[in-house]
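What's in upload_15.tsv: TSV, C-alpha atoms
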```tsv
chain	number	residue	atom	x	y	z
A	6	MET	CA	-43.36	-22.48	-58.08
A	7	ILE	CA	-41.97	-21.00	-54.87
A	8	ASP	CA	-41.52	-23.27	-51.87
A	9	VAL	CA	-41.80	-21.42	-48.55
A	10	ILE	CA	-39.99	-23.33	-45.79
A	11	VAL	CA	-41.30	-22.51	-42.31
A	12	PRO	CA	-39.69	-24.21	-39.27
A	13	VAL	CA	-41.97	-24.18	-36.21
A	14	TYR	CA	-41.16	-24.86	-32.58
A	15	ASP	CA	-43.78	-23.90	-29.96
A	16	THR	CA	-44.47	-20.61	-31.75
A	17	PRO	CA	-47.33	-18.63	-30.15
A	18	LEU	CA	-50.50	-19.31	-32.14
A	19	ASP	CA	-51.28	-15.63	-32.73
A	20	LEU	CA	-47.88	-15.15	-34.39
A	21	LEU	CA	-48.25	-18.36	-36.40
A	22	LYS	CA	-51.63	-17.21	-37.68
A	23	ARG	CA	-50.26	-13.81	-38.70
A	24	CYS	CA	-47.34	-15.49	-40.48
A	25	PHE	CA	-49.53	-17.91	-42.43
A	26	GLU	CA	-52.13	-15.26	-43.26
A	27	SER	CA	-49.38	-13.08	-44.73
A	28	ILE	CA	-48.60	-15.98	-47.10
A	29	VAL	CA	-52.26	-16.52	-48.00
A	30	ARG	CA	-52.51	-12.82	-48.94
A	31	GLN	CA	-49.72	-13.07	-51.54
A	32	THR	CA	-50.48	-11.54	-54.93
A	33	HIS	CA	-48.41	-14.38	-56.42
A	34	SER	CA	-50.41	-17.60	-56.56
A	35	ASP	CA	-47.92	-20.34	-57.45
A	36	TRP	CA	-46.50	-21.37	-54.08
A	37	GLU	CA	-46.41	-24.15	-51.51
A	38	VAL	CA	-45.68	-23.85	-47.80
A	39	ILE	CA	-43.53	-26.60	-46.29
A	40	ILE	CA	-44.00	-26.49	-42.52
A	41	ILE	CA	-41.50	-28.44	-40.44
A	42	ASP	CA	-42.84	-28.89	-36.93
A	43	ASP	CA	-39.67	-29.35	-34.87
A	44	GLY	CA	-41.22	-31.20	-31.94
A	45	SER	CA	-43.75	-28.60	-30.83
A	46	ASN	CA	-46.22	-29.15	-27.99
A	47	SER	CA	-49.55	-30.86	-28.64
A	48	THR	CA	-51.47	-27.57	-28.88
A	49	VAL	CA	-49.26	-26.26	-31.69
A	50	ARG	CA	-49.24	-29.64	-33.47
A	51	LYS	CA	-53.03	-29.79	-33.44
A	52	TRP	CA	-53.34	-26.19	-34.66
A	53	LEU	CA	-50.93	-26.87	-37.55
A	54	ASP	CA	-52.86	-29.97	-38.62
A	55	GLU	CA	-56.14	-28.07	-38.54
A	56	TRP	CA	-54.70	-25.14	-40.51
A	57	CYS	CA	-53.28	-27.41	-43.23
A	58	ALA	CA	-56.58	-29.29	-43.49
A	59	LYS	CA	-58.41	-26.02	-44.16
A	60	HIS	CA	-55.89	-24.25	-46.43
A	61	ASP	CA	-54.64	-25.47	-49.79
A	62	GLY	CA	-50.92	-25.13	-50.38
A	63	PHE	CA	-49.91	-25.80	-46.77
A	64	CYS	CA	-48.41	-29.11	-45.66
A	65	VAL	CA	-46.81	-30.04	-42.36
A	66	THR	CA	-44.22	-32.63	-41.37
A	67	HIS	CA	-43.95	-33.43	-37.67
A	68	THR	CA	-40.52	-34.41	-36.35
A	69	LYS	CA	-38.70	-34.76	-33.05
A	70	ASN	CA	-36.97	-31.63	-31.80
A	71	LYS	CA	-33.57	-31.44	-33.51
A	72	GLY	CA	-33.16	-27.69	-33.95
A	73	VAL	CA	-33.97	-25.08	-36.57
A	74	SER	CA	-31.06	-26.06	-38.84
A	75	ARG	CA	-32.27	-29.65	-39.13
A	76	ALA	CA	-35.82	-28.41	-39.72
A	77	ARG	CA	-34.70	-26.13	-42.55
A	78	ASN	CA	-32.58	-28.90	-44.08
A	79	LEU	CA	-35.58	-31.24	-44.06
A	80	GLY	CA	-37.63	-28.51	-45.73
A	81	ILE	CA	-35.00	-28.24	-48.46
A	82	GLU	CA	-35.07	-32.03	-48.93
A	83	LEU	CA	-38.86	-31.95	-49.37
A	84	SER	CA	-38.91	-28.96	-51.72
A	85	LYS	CA	-39.79	-29.39	-55.39
A	86	GLY	CA	-40.31	-25.83	-56.62
A	87	GLU	CA	-38.04	-23.81	-58.89
A	88	TYR	CA	-37.38	-21.34	-56.08
A	89	ILE	CA	-37.03	-21.53	-52.29
A	90	THR	CA	-37.52	-18.94	-49.57
A	91	PHE	CA	-37.32	-19.27	-45.79
A	92	CYS	CA	-39.77	-17.63	-43.42
A	93	ASP	CA	-39.48	-17.80	-39.64
A	94	ALA	CA	-42.74	-18.79	-37.97
A	95	ASP	CA	-43.10	-15.51	-36.07
A	96	ASP	CA	-42.32	-13.28	-39.07
A	97	GLU	CA	-44.50	-11.95	-41.90
A	98	LEU	CA	-44.24	-11.48	-45.65
A	99	ASP	CA	-45.44	-8.36	-47.43
A	100	CYS	CA	-48.30	-9.31	-49.76
A	101	HIS	CA	-46.07	-8.52	-52.77
A	102	PHE	CA	-43.02	-10.46	-51.51
A	103	MET	CA	-43.24	-13.43	-53.87
A	104	GLU	CA	-44.40	-11.43	-56.87
A	105	CYS	CA	-41.61	-8.83	-56.60
A	106	MET	CA	-38.88	-11.31	-55.74
A	107	GLU	CA	-39.70	-13.76	-58.55
A	108	GLU	CA	-40.06	-10.93	-61.05
A	109	LYS	CA	-36.57	-9.64	-60.12
A	110	ILE	CA	-34.83	-13.02	-60.12
A	111	ARG	CA	-36.32	-13.90	-63.53
A	112	LYS	CA	-35.62	-10.49	-65.05
A	113	ASP	CA	-31.97	-10.54	-63.94
A	114	ASN	CA	-31.56	-14.32	-64.37
A	115	SER	CA	-29.81	-14.27	-61.01
A	116	ASP	CA	-29.30	-17.11	-58.54
A	117	LEU	CA	-30.40	-15.20	-55.45
A	118	VAL	CA	-32.36	-12.04	-54.69
A	119	ILE	CA	-32.39	-10.12	-51.39
A	120	CYS	CA	-35.05	-7.61	-50.34
A	121	GLY	CA	-35.34	-4.98	-47.63
A	122	SER	CA	-36.75	-5.90	-44.25
A	123	VAL	CA	-37.96	-4.30	-41.05
A	124	GLU	CA	-37.37	-5.62	-37.54
A	125	THR	CA	-39.73	-4.71	-34.73
A	126	ASP	CA	-40.39	-5.64	-31.13
A	127	GLY	CA	-43.79	-3.96	-31.25
A	128	THR	CA	-42.39	-0.58	-30.20
A	129	THR	CA	-39.17	0.11	-32.06
A	130	LYS	CA	-38.64	-0.46	-35.79
A	131	ILE	CA	-35.28	-0.94	-37.49
A	132	LYS	CA	-35.15	-0.91	-41.28
A	133	TYR	CA	-32.58	-2.93	-43.22
A	134	GLN	CA	-32.68	-1.55	-46.72
A	135	SER	CA	-30.60	-0.78	-49.79
A	136	ARG	CA	-30.97	2.65	-51.36
A	137	GLN	CA	-31.43	1.16	-54.82
A	138	ASP	CA	-32.11	-2.04	-56.75
A	139	ALA	CA	-28.96	-3.73	-57.99
A	140	LEU	CA	-27.51	-6.69	-59.87
A	141	PHE	CA	-24.06	-8.13	-59.15
A	142	ARG	CA	-22.91	-10.47	-61.88
A	143	THR	CA	-19.09	-10.62	-61.87
A	144	PHE	CA	-16.94	-12.89	-59.71
A	145	LYS	CA	-15.43	-9.86	-57.97
A	146	GLU	CA	-18.83	-8.30	-57.25
A	147	VAL	CA	-20.30	-11.48	-55.76
A	148	ALA	CA	-17.12	-12.01	-53.73
A	149	LEU	CA	-17.42	-8.48	-52.37
A	150	ILE	CA	-21.06	-9.09	-51.45
A	151	ASN	CA	-20.02	-12.22	-49.58
A	152	SER	CA	-17.20	-10.28	-47.92
A	153	SER	CA	-19.60	-7.51	-46.92
A	154	MET	CA	-21.80	-10.13	-45.28
A	155	LEU	CA	-18.92	-11.53	-43.24
A	156	VAL	CA	-17.53	-8.16	-42.19
A	157	ALA	CA	-21.08	-6.88	-41.50
A	158	THR	CA	-20.52	-3.64	-43.34
A	159	PRO	CA	-20.74	-2.93	-47.10
A	160	ALA	CA	-17.73	-2.63	-49.36
A	161	LYS	CA	-17.03	1.01	-50.21
A	162	GLU	CA	-18.09	0.62	-53.84
A	163	PHE	CA	-21.39	-0.87	-52.68
A	164	ASN	CA	-22.08	1.73	-50.01
A	165	PHE	CA	-25.60	2.18	-51.42
A	166	LEU	CA	-26.49	-1.19	-49.86
A	167	GLY	CA	-26.79	0.59	-46.52
A	168	ASN	CA	-27.58	-1.90	-43.76
A	169	ILE	CA	-29.53	-4.42	-45.87
A	170	MET	CA	-29.43	-7.91	-44.33
A	171	LEU	CA	-26.93	-10.04	-46.20
A	172	GLY	CA	-26.27	-12.63	-43.51
A	173	ARG	CA	-29.71	-13.97	-42.65
A	174	SER	CA	-31.37	-16.78	-44.56
A	175	VAL	CA	-34.74	-14.98	-44.64
A	176	ALA	CA	-35.79	-12.03	-46.86
A	177	LYS	CA	-34.24	-13.89	-49.80
A	178	LEU	CA	-35.39	-15.93	-52.77
A	179	TYR	CA	-33.02	-18.65	-53.96
A	180	LYS	CA	-32.89	-20.81	-57.04
A	181	ARG	CA	-33.48	-24.30	-55.70
A	182	THR	CA	-30.46	-25.57	-57.63
A	183	ILE	CA	-28.26	-23.34	-55.43
A	184	VAL	CA	-29.81	-24.35	-52.11
A	185	LYS	CA	-29.88	-28.07	-52.92
A	186	GLU	CA	-26.06	-28.09	-52.96
A	187	ILE	CA	-25.64	-26.70	-49.42
A	188	ASN	CA	-27.20	-27.09	-45.99
A	189	PHE	CA	-27.46	-25.52	-42.56
A	190	ILE	CA	-24.88	-26.71	-40.03
A	191	GLU	CA	-26.80	-28.83	-37.53
A	192	GLY	CA	-25.65	-28.32	-33.95
A	193	LEU	CA	-24.54	-24.76	-34.60
A	194	SER	CA	-26.94	-22.54	-32.64
A	195	MET	CA	-25.36	-19.15	-33.39
A	196	HIS	CA	-24.55	-17.54	-36.73
A	197	GLU	CA	-25.81	-20.60	-38.63
A	198	ASP	CA	-27.49	-18.20	-41.06
A	199	ASN	CA	-24.13	-16.54	-41.75
A	200	ILE	CA	-22.50	-19.85	-42.69
A	201	PHE	CA	-25.46	-20.78	-44.90
A	202	SER	CA	-25.37	-17.35	-46.57
A	203	TYR	CA	-21.62	-17.66	-47.11
A	204	ASP	CA	-22.05	-21.04	-48.76
A	205	ALA	CA	-24.95	-19.75	-50.90
A	206	PHE	CA	-22.99	-16.71	-52.12
A	207	CYS	CA	-20.07	-19.01	-53.00
A	208	LYS	CA	-22.42	-20.98	-55.28
A	209	CYS	CA	-23.92	-17.88	-56.92
A	210	ARG	CA	-22.85	-16.46	-60.25
A	211	SER	CA	-25.10	-13.43	-59.77
A	212	VAL	CA	-27.02	-11.75	-56.93
A	213	SER	CA	-29.89	-9.26	-57.17
A	214	ILE	CA	-31.06	-6.63	-54.68
A	215	VAL	CA	-34.62	-5.30	-54.27
A	216	LYS	CA	-34.74	-2.09	-52.24
A	217	LYS	CA	-38.39	-2.50	-51.22
A	218	ILE	CA	-39.10	-3.67	-47.68
A	219	LEU	CA	-40.95	-6.95	-48.19
A	220	TYR	CA	-40.15	-8.91	-45.02
A	221	LYS	CA	-41.11	-8.19	-41.40
A	222	ILE	CA	-39.10	-9.64	-38.51
A	223	ASN	CA	-40.97	-9.85	-35.24
A	224	THR	CA	-38.14	-9.86	-32.72
A	225	ASN	CA	-38.27	-12.33	-29.85
A	226	PHE	CA	-35.97	-11.21	-27.06
A	227	ASP	CA	-36.22	-14.66	-25.47
A	228	SER	CA	-34.46	-16.22	-28.46
A	229	LEU	CA	-31.35	-18.35	-28.05
A	230	THR	CA	-28.84	-15.57	-28.63
A	231	HIS	CA	-30.48	-13.47	-25.91
A	232	SER	CA	-30.93	-16.21	-23.31
A	233	MET	CA	-27.81	-18.36	-23.78
A	234	ASP	CA	-25.58	-18.79	-20.73
A	235	THR	CA	-21.99	-17.54	-20.92
A	236	THR	CA	-20.34	-20.97	-21.15
A	237	ARG	CA	-22.58	-22.08	-24.00
A	238	TYR	CA	-22.19	-18.69	-25.72
A	239	ARG	CA	-18.40	-19.02	-25.72
A	240	LYS	CA	-18.60	-22.60	-26.98
A	241	GLN	CA	-20.88	-21.60	-29.86
A	242	GLU	CA	-18.66	-18.65	-30.83
A	243	LEU	CA	-15.66	-20.99	-31.03
A	244	GLU	CA	-17.66	-23.58	-32.98
A	245	PHE	CA	-18.72	-20.89	-35.47
A	246	ALA	CA	-15.10	-19.76	-35.81
A	247	SER	CA	-13.99	-23.34	-36.49
A	248	VAL	CA	-16.71	-23.86	-39.11
A	249	LEU	CA	-15.79	-20.61	-40.84
A	250	GLU	CA	-12.06	-21.34	-40.73
A	251	ARG	CA	-12.69	-24.69	-42.45
A	252	ARG	CA	-14.17	-22.76	-45.36
A	253	ARG	CA	-10.91	-20.98	-45.98
A	254	VAL	CA	-9.58	-22.24	-49.32
A	255	THR	CA	-6.06	-21.53	-50.52
A	256	GLY	CA	-6.16	-19.44	-53.67
A	257	THR	CA	-9.66	-18.11	-53.06
A	258	SER	CA	-10.59	-14.48	-53.65
A	259	PRO	CA	-8.38	-12.12	-51.60
A	260	TYR	CA	-11.58	-10.32	-50.61
A	261	ILE	CA	-12.97	-13.51	-49.06
A	262	GLU	CA	-9.66	-14.35	-47.38
A	263	ASN	CA	-9.54	-10.92	-45.75
A	264	ALA	CA	-13.22	-11.00	-44.80
A	265	ILE	CA	-12.77	-14.35	-43.03
A	266	ASN	CA	-9.91	-12.82	-41.02
A	267	CYS	CA	-12.12	-9.86	-40.10
A	268	ARG	CA	-15.05	-12.04	-39.09
A	269	LEU	CA	-12.80	-14.19	-36.92
A	270	LEU	CA	-11.63	-11.02	-35.20
A	271	TRP	CA	-15.28	-10.07	-34.53
A	272	THR	CA	-15.73	-13.56	-33.05
A	273	PHE	CA	-12.67	-13.02	-30.88
A	274	ILE	CA	-14.23	-9.76	-29.66
A	275	ASN	CA	-17.55	-11.46	-28.91
A	276	TYR	CA	-15.83	-14.15	-26.88
A	277	SER	CA	-13.53	-11.70	-25.10
A	278	SER	CA	-16.43	-9.48	-24.08
A	279	THR	CA	-17.70	-12.26	-21.78
A	280	LEU	CA	-14.48	-12.28	-19.73
A	281	VAL	CA	-15.28	-9.06	-17.89
A	282	GLU	CA	-16.18	-10.78	-14.60
A	283	MET	CA	-12.91	-12.73	-14.44
A	284	SER	CA	-9.99	-11.66	-12.31
A	285	SER	CA	-7.21	-9.89	-14.18
A	286	VAL	CA	-4.94	-12.95	-13.93
A	287	ASP	CA	-7.60	-15.36	-15.23
A	288	ARG	CA	-8.67	-12.99	-17.98
A	289	LYS	CA	-5.11	-12.61	-19.27
A	290	SER	CA	-4.63	-16.37	-19.14
A	291	GLU	CA	-7.82	-16.90	-21.17
A	292	LEU	CA	-6.77	-14.27	-23.72
A	293	ARG	CA	-3.35	-15.87	-24.06
A	294	SER	CA	-5.02	-19.20	-24.73
A	295	LEU	CA	-7.38	-17.70	-27.31
A	296	LEU	CA	-4.63	-15.93	-29.23
A	297	SER	CA	-2.63	-19.15	-29.42
A	298	MET	CA	-5.52	-20.97	-31.14
A	299	GLU	CA	-5.01	-21.67	-34.84
A	300	ILE	CA	-8.35	-20.09	-35.78
A	301	PHE	CA	-7.30	-16.69	-34.37
A	302	LYS	CA	-3.69	-16.56	-35.56
A	303	LYS	CA	-4.56	-14.63	-38.74
A	304	VAL	CA	-6.78	-11.94	-37.22
A	305	THR	CA	-3.87	-9.49	-37.19
A	306	ARG	CA	-3.85	-9.61	-41.00
A	307	CYS	CA	-7.37	-8.28	-41.53
A	308	SER	CA	-7.79	-5.00	-43.38
A	309	LEU	CA	-10.79	-2.71	-43.75
A	310	LYS	CA	-9.50	-0.65	-46.68
A	311	GLU	CA	-12.24	-2.10	-48.92
A	312	PHE	CA	-15.05	-1.37	-46.44
A	313	ASP	CA	-16.99	1.52	-44.98
A	314	LYS	CA	-15.42	1.88	-41.51
A	315	ASN	CA	-18.03	4.42	-40.45
A	316	LYS	CA	-20.57	1.64	-40.01
A	317	LEU	CA	-18.34	-0.34	-37.62
A	318	SER	CA	-18.60	-0.12	-33.85
A	319	ILE	CA	-15.93	1.62	-31.80
A	320	GLY	CA	-15.11	-1.74	-30.20
A	321	LYS	CA	-14.25	-3.31	-33.55
A	322	LYS	CA	-12.15	-0.34	-34.64
A	323	LEU	CA	-10.29	-0.41	-31.33
A	324	PHE	CA	-9.52	-4.12	-31.51
A	325	LEU	CA	-8.12	-3.73	-35.02
A	326	VAL	CA	-5.37	-1.71	-33.33
A	327	LEU	CA	-5.05	-3.75	-30.13
A	328	VAL	CA	-4.42	-7.13	-31.82
A	329	ARG	CA	-1.43	-5.65	-33.65
A	330	ILE	CA	0.38	-4.46	-30.53
A	331	LYS	CA	3.73	-6.13	-29.87
A	332	PRO	CA	5.10	-7.86	-27.88
A	333	GLU	CA	2.28	-10.22	-26.93
A	334	PRO	CA	2.38	-9.64	-23.13
A	335	ILE	CA	1.73	-5.94	-23.66
A	336	ARG	CA	-0.99	-6.72	-26.22
A	337	ILE	CA	-2.76	-8.96	-23.72
A	338	CYS	CA	-2.50	-6.33	-20.97
A	339	PHE	CA	-4.10	-3.70	-23.19
A	340	ILE	CA	-6.89	-6.03	-24.36
A	341	SER	CA	-7.58	-7.14	-20.80
A	342	SER	CA	-7.87	-3.53	-19.63
A	343	VAL	CA	-10.27	-2.65	-22.45
A	344	ILE	CA	-12.44	-5.67	-21.63
A	345	LYS	CA	-12.62	-4.59	-17.99
A	346	LEU	CA	-13.66	-1.08	-19.02
A	347	TYR	CA	-16.18	-1.88	-21.75
A	348	GLY	CA	-17.28	-5.52	-21.27
A	349	MET	CA	-20.19	-6.60	-23.46
A	350	ARG	CA	-20.38	-3.15	-25.08
A	351	MET	CA	-17.38	-4.10	-27.19
A	352	ALA	CA	-19.42	-6.63	-29.14
A	353	LYS	CA	-22.06	-4.11	-30.19
```

Final structure tokens representation of the file:
Amino acid sequence: MIDVIVPVYDTPLDLLKRCFESIVRQTHSDWEVIIIDDGSNSTVRKWLDEWCAKHDGFCVTHTKNKGVSRARNLGIELSKGEYITFCDADDELDCHFMECMEEKIRKDNSDLVICGSVETDGTTKIKYQSRQDALFRTFKEVALINSSMLVATPAKEFNFLGNIMLGRSVAKLYKRTIVKEINFIEGLSMHEDNIFSYDAFCKCRSVSIVKKILYKINTNFDSLTHSMDTTRYRKQELEFASVLERRRVTGTSPYIENAINCRLLWTFINYSSTLVEMSSVDRKSELRSLLSMEIFKKVTRCSLKEFDKNKLSIGKKLFLVLVRIKPEPIRICFISSVIKLYGMRMAK
């Protein structure tokens, strides 16, 4: 059986209905939907109760608002099926999602399978898709997949993966035994999917890829990452960096070690891009403080020789050079000048 975990918080009813109807239309019949209502308003709560009363296979648990990570963790605790998948309440599954994903994970005897997806705001569509099906079964291969997720670009030898989503928790089917050993970091409001994906890949002995697009992401531009104020954004970037740094284990795969350094550099870029409105003196002082932090001391060691640099932004390529400039006062002057020129564009 496949357990579909759906966290809900004040999701518009039309989107909720489309999401649930996409599950009802599945060609695979052995599933259960675990809805975690994360403190929604009374209208949504009532609608969820009525839907579950009318549709077999749907059950809802109402809780106080504690965030999407806590909701997903509760869903994992309540799950009983052999497999688990996550579906956001405003997204939709292709009618063949469960059938194709379970067929692939059983055929390959893998721990996790990832499919293609499409993201749309109703006007523009972005496809995240591999050019072929695949199975990664060696320690090195799975480590490179995990590294590709952190660096946000595929390893050269896996260039066929294109821009398939490796870092989100959705568009995946997991063996429950894998997911039961990890959890989402509660209180982390940015990149929590990346940490969960990292932990999941670390538990996997093998990972499968399905090239078909089987998951639809309905983008909400009012989401947390789009509406967060600058102070909270910086705080969350630093919290993510601290969480990731704590996952650094001495003697781990050199691919993972390097990928963590790269991802921490991307985090440094994200944070730095918000300093554009500061005066030159304040900006340089903030940069000096950042570079002195333990979590950013190893960013100068990151290497992209294993990865496809063509898929990286100009900002990331530029910072790979800037952070290596010596002495430090000159490095900070150069970085400060680039921030003033490019601002938030660096992080894209």

Q.
Residues within 10 Å of region 200-206 of chain A, please, as a ChimeraX atom specification. Count only C-alpha atoms; anything in the same chain fewer than 2 positions from it doesn't count.
A. /A:74,116-117,147-152,154-155,171-175,179,183-190,193,195-198,208-212,245,248-249,252,261

Same residues, C-alpha atoms, output as a PDB file, in the frame of the given file:
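Below is the file that was written, selection.pdb:
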```pdb
ATOM      1  CA  SER A  74     -31.060 -26.060 -38.840  1.00  0.00           C
ATOM      2  CA  ASP A 116     -29.300 -17.110 -58.540  1.00  0.00           C
ATOM      3  CA  LEU A 117     -30.400 -15.200 -55.450  1.00  0.00           C
ATOM      4  CA  VAL A 147     -20.300 -11.480 -55.760  1.00  0.00           C
ATOM      5  CA  ALA A 148     -17.120 -12.010 -53.730  1.00  0.00           C
ATOM      6  CA  LEU A 149     -17.420  -8.480 -52.370  1.00  0.00           C
ATOM      7  CA  ILE A 150     -21.060  -9.090 -51.450  1.00  0.00           C
ATOM      8  CA  ASN A 151     -20.020 -12.220 -49.580  1.00  0.00           C
ATOM      9  CA  SER A 152     -17.200 -10.280 -47.920  1.00  0.00           C
ATOM     10  CA  MET A 154     -21.800 -10.130 -45.280  1.00  0.00           C
ATOM     11  CA  LEU A 155     -18.920 -11.530 -43.240  1.00  0.00           C
ATOM     12  CA  LEU A 171     -26.930 -10.040 -46.200  1.00  0.00           C
ATOM     13  CA  GLY A 172     -26.270 -12.630 -43.510  1.00  0.00           C
ATOM     14  CA  ARG A 173     -29.710 -13.970 -42.650  1.00  0.00           C
ATOM     15  CA  SER A 174     -31.370 -16.780 -44.560  1.00  0.00           C
ATOM     16  CA  VAL A 175     -34.740 -14.980 -44.640  1.00  0.00           C
ATOM     17  CA  TYR A 179     -33.020 -18.650 -53.960  1.00  0.00           C
ATOM     18  CA  ILE A 183     -28.260 -23.340 -55.430  1.00  0.00           C
ATOM     19  CA  VAL A 184     -29.810 -24.350 -52.110  1.00  0.00           C
ATOM     20  CA  LYS A 185     -29.880 -28.070 -52.920  1.00  0.00           C
ATOM     21  CA  GLU A 186     -26.060 -28.090 -52.960  1.00  0.00           C
ATOM     22  CA  ILE A 187     -25.640 -26.700 -49.420  1.00  0.00           C
ATOM     23  CA  ASN A 188     -27.200 -27.090 -45.990  1.00  0.00           C
ATOM     24  CA  PHE A 189     -27.460 -25.520 -42.560  1.00  0.00           C
ATOM     25  CA  ILE A 190     -24.880 -26.710 -40.030  1.00  0.00           C
ATOM     26  CA  LEU A 193     -24.540 -24.760 -34.600  1.00  0.00           C
ATOM     27  CA  MET A 195     -25.360 -19.150 -33.390  1.00  0.00           C
ATOM     28  CA  HIS A 196     -24.550 -17.540 -36.730  1.00  0.00           C
ATOM     29  CA  GLU A 197     -25.810 -20.600 -38.630  1.00  0.00           C
ATOM     30  CA  ASP A 198     -27.490 -18.200 -41.060  1.00  0.00           C
ATOM     31  CA  LYS A 208     -22.420 -20.980 -55.280  1.00  0.00           C
ATOM     32  CA  CYS A 209     -23.920 -17.880 -56.920  1.00  0.00           C
ATOM     33  CA  ARG A 210     -22.850 -16.460 -60.250  1.00  0.00           C
ATOM     34  CA  SER A 211     -25.100 -13.430 -59.770  1.00  0.00           C
ATOM     35  CA  VAL A 212     -27.020 -11.750 -56.930  1.00  0.00           C
ATOM     36  CA  PHE A 245     -18.720 -20.890 -35.470  1.00  0.00           C
ATOM     37  CA  VAL A 248     -16.710 -23.860 -39.110  1.00  0.00           C
ATOM     38  CA  LEU A 249     -15.790 -20.610 -40.840  1.00  0.00           C
ATOM     39  CA  ARG A 252     -14.170 -22.760 -45.360  1.00  0.00           C
ATOM     40  CA  ILE A 261     -12.970 -13.510 -49.060  1.00  0.00           C
TER      41      ILE A 261
END
```

Shortest contact to Glu124 (chain A), candidates A:Lys51, A:Lys221, A:Lys109, A:Lys302, atoms counted all atoms listed in the file, goes to A:Lys221

*asked:* Tell me which residues come within 12 Å of (-34.7, 5.0, -50.0), as an MDAnalysis selection string, counting all atoms listed in the file in the file's coordinates.
replied: chainID A and resid 121 132:138 165:169 215:218

Margin query: Show me, as a ChimeraX atom specification, the residues that have an atom within 9 Å of Met6 (chain A) when counting all atoms listed in the file, minus same-chain residues fewer than 2 positions from it.
Written below: /A:8,34-37,85-89

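For the pair CA of Cys307 (chain A) and CA of Val281 (chain A), the separation is 24.9 Å.
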
Which residue is closest to His67 (chain A)? Choose from A:Leu178, A:Val13, A:Ile119, A:Ala157 and count all atoms listed in the file.
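Closest to His67 (chain A) of all the choices is A:Val13.
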
Students should find that CA of Gln31 (chain A) and CA of Asp126 (chain A) are spaced 23.6 Å

Atom pair CA of Pro17 (chain A) + CA of Thr48 (chain A), distance 9.9 Å

* Of the candidates A:Ser194, A:Ser308, A:Ser247, A:Asn223, which one gets nearest to Arg75 (chain A) if we count all atoms listed in the file? ->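 With all atoms listed in the file as the atom set, the closest residue is A:Ser194.
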
Quiz item: Can you tell me, as a list in words, what residues are no more than 10 Å from Glu262 (chain A) when counting only C-alpha atoms, ignoring any on the same chain fewer than 2 positions away?
Solution: Ser152, Glu250, Arg252, Arg253, Val254, Thr255, Gly256, Thr257, Ser258, Pro259, Tyr260, Ala264, Ile265, Asn266, Cys267, Arg306 and Cys307 of chain A

Distance table requested - region 59-169 of chain A against region 309-327 of chain A, cut-off 8 Å, all atoms listed in the file: one row per qualifying residue with the closest atom pair and its distance in Å to one decimal, ordered by chain and rising residue number, as a Markdown table.
```
| residue | atom | partner | partner_atom | distance |
| --- | --- | --- | --- | --- |
| A:Ser153 | CA | A:Phe312 | CA | 7.7 |
| A:Thr158 | CA | A:Lys316 | CA | 6.2 |
| A:Pro159 | CA | A:Phe312 | CA | 5.9 |
| A:Ala160 | CA | A:Phe312 | CA | 4.2 |
| A:Lys161 | CA | A:Phe312 | CA | 4.9 |
| A:Asn164 | CA | A:Asp313 | CA | 7.2 |
```

Practice item. Select, from A:Gly80, A:Val9, A:Cys105, A:Lys145, the residue with the minimum atom-to-atom distance to Phe63 (chain A), counting all atoms listed in the file. Key: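 Comparing A:Gly80, A:Val9, A:Cys105, A:Lys145 against Phe63 (chain A), the winner is A:Val9.
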
Between A:Ser27, A:Ser341, A:Ser290, A:Thr16, smallest distance to Ile274 (chain A) by only C-alpha atoms belongs to A:Ser341

Provide an axis-aligned box for all listed atoms of region 30-47 of chain A, padding each side by 3 Å; report its centre and its edge lengths in Å to one decimal, as lines of an AutoDock Vina configuration file.
```
center_x = -46.1
center_y = -21.4
center_z = -42.7
size_x = 18.8
size_y = 25.7
size_z = 35.5
```
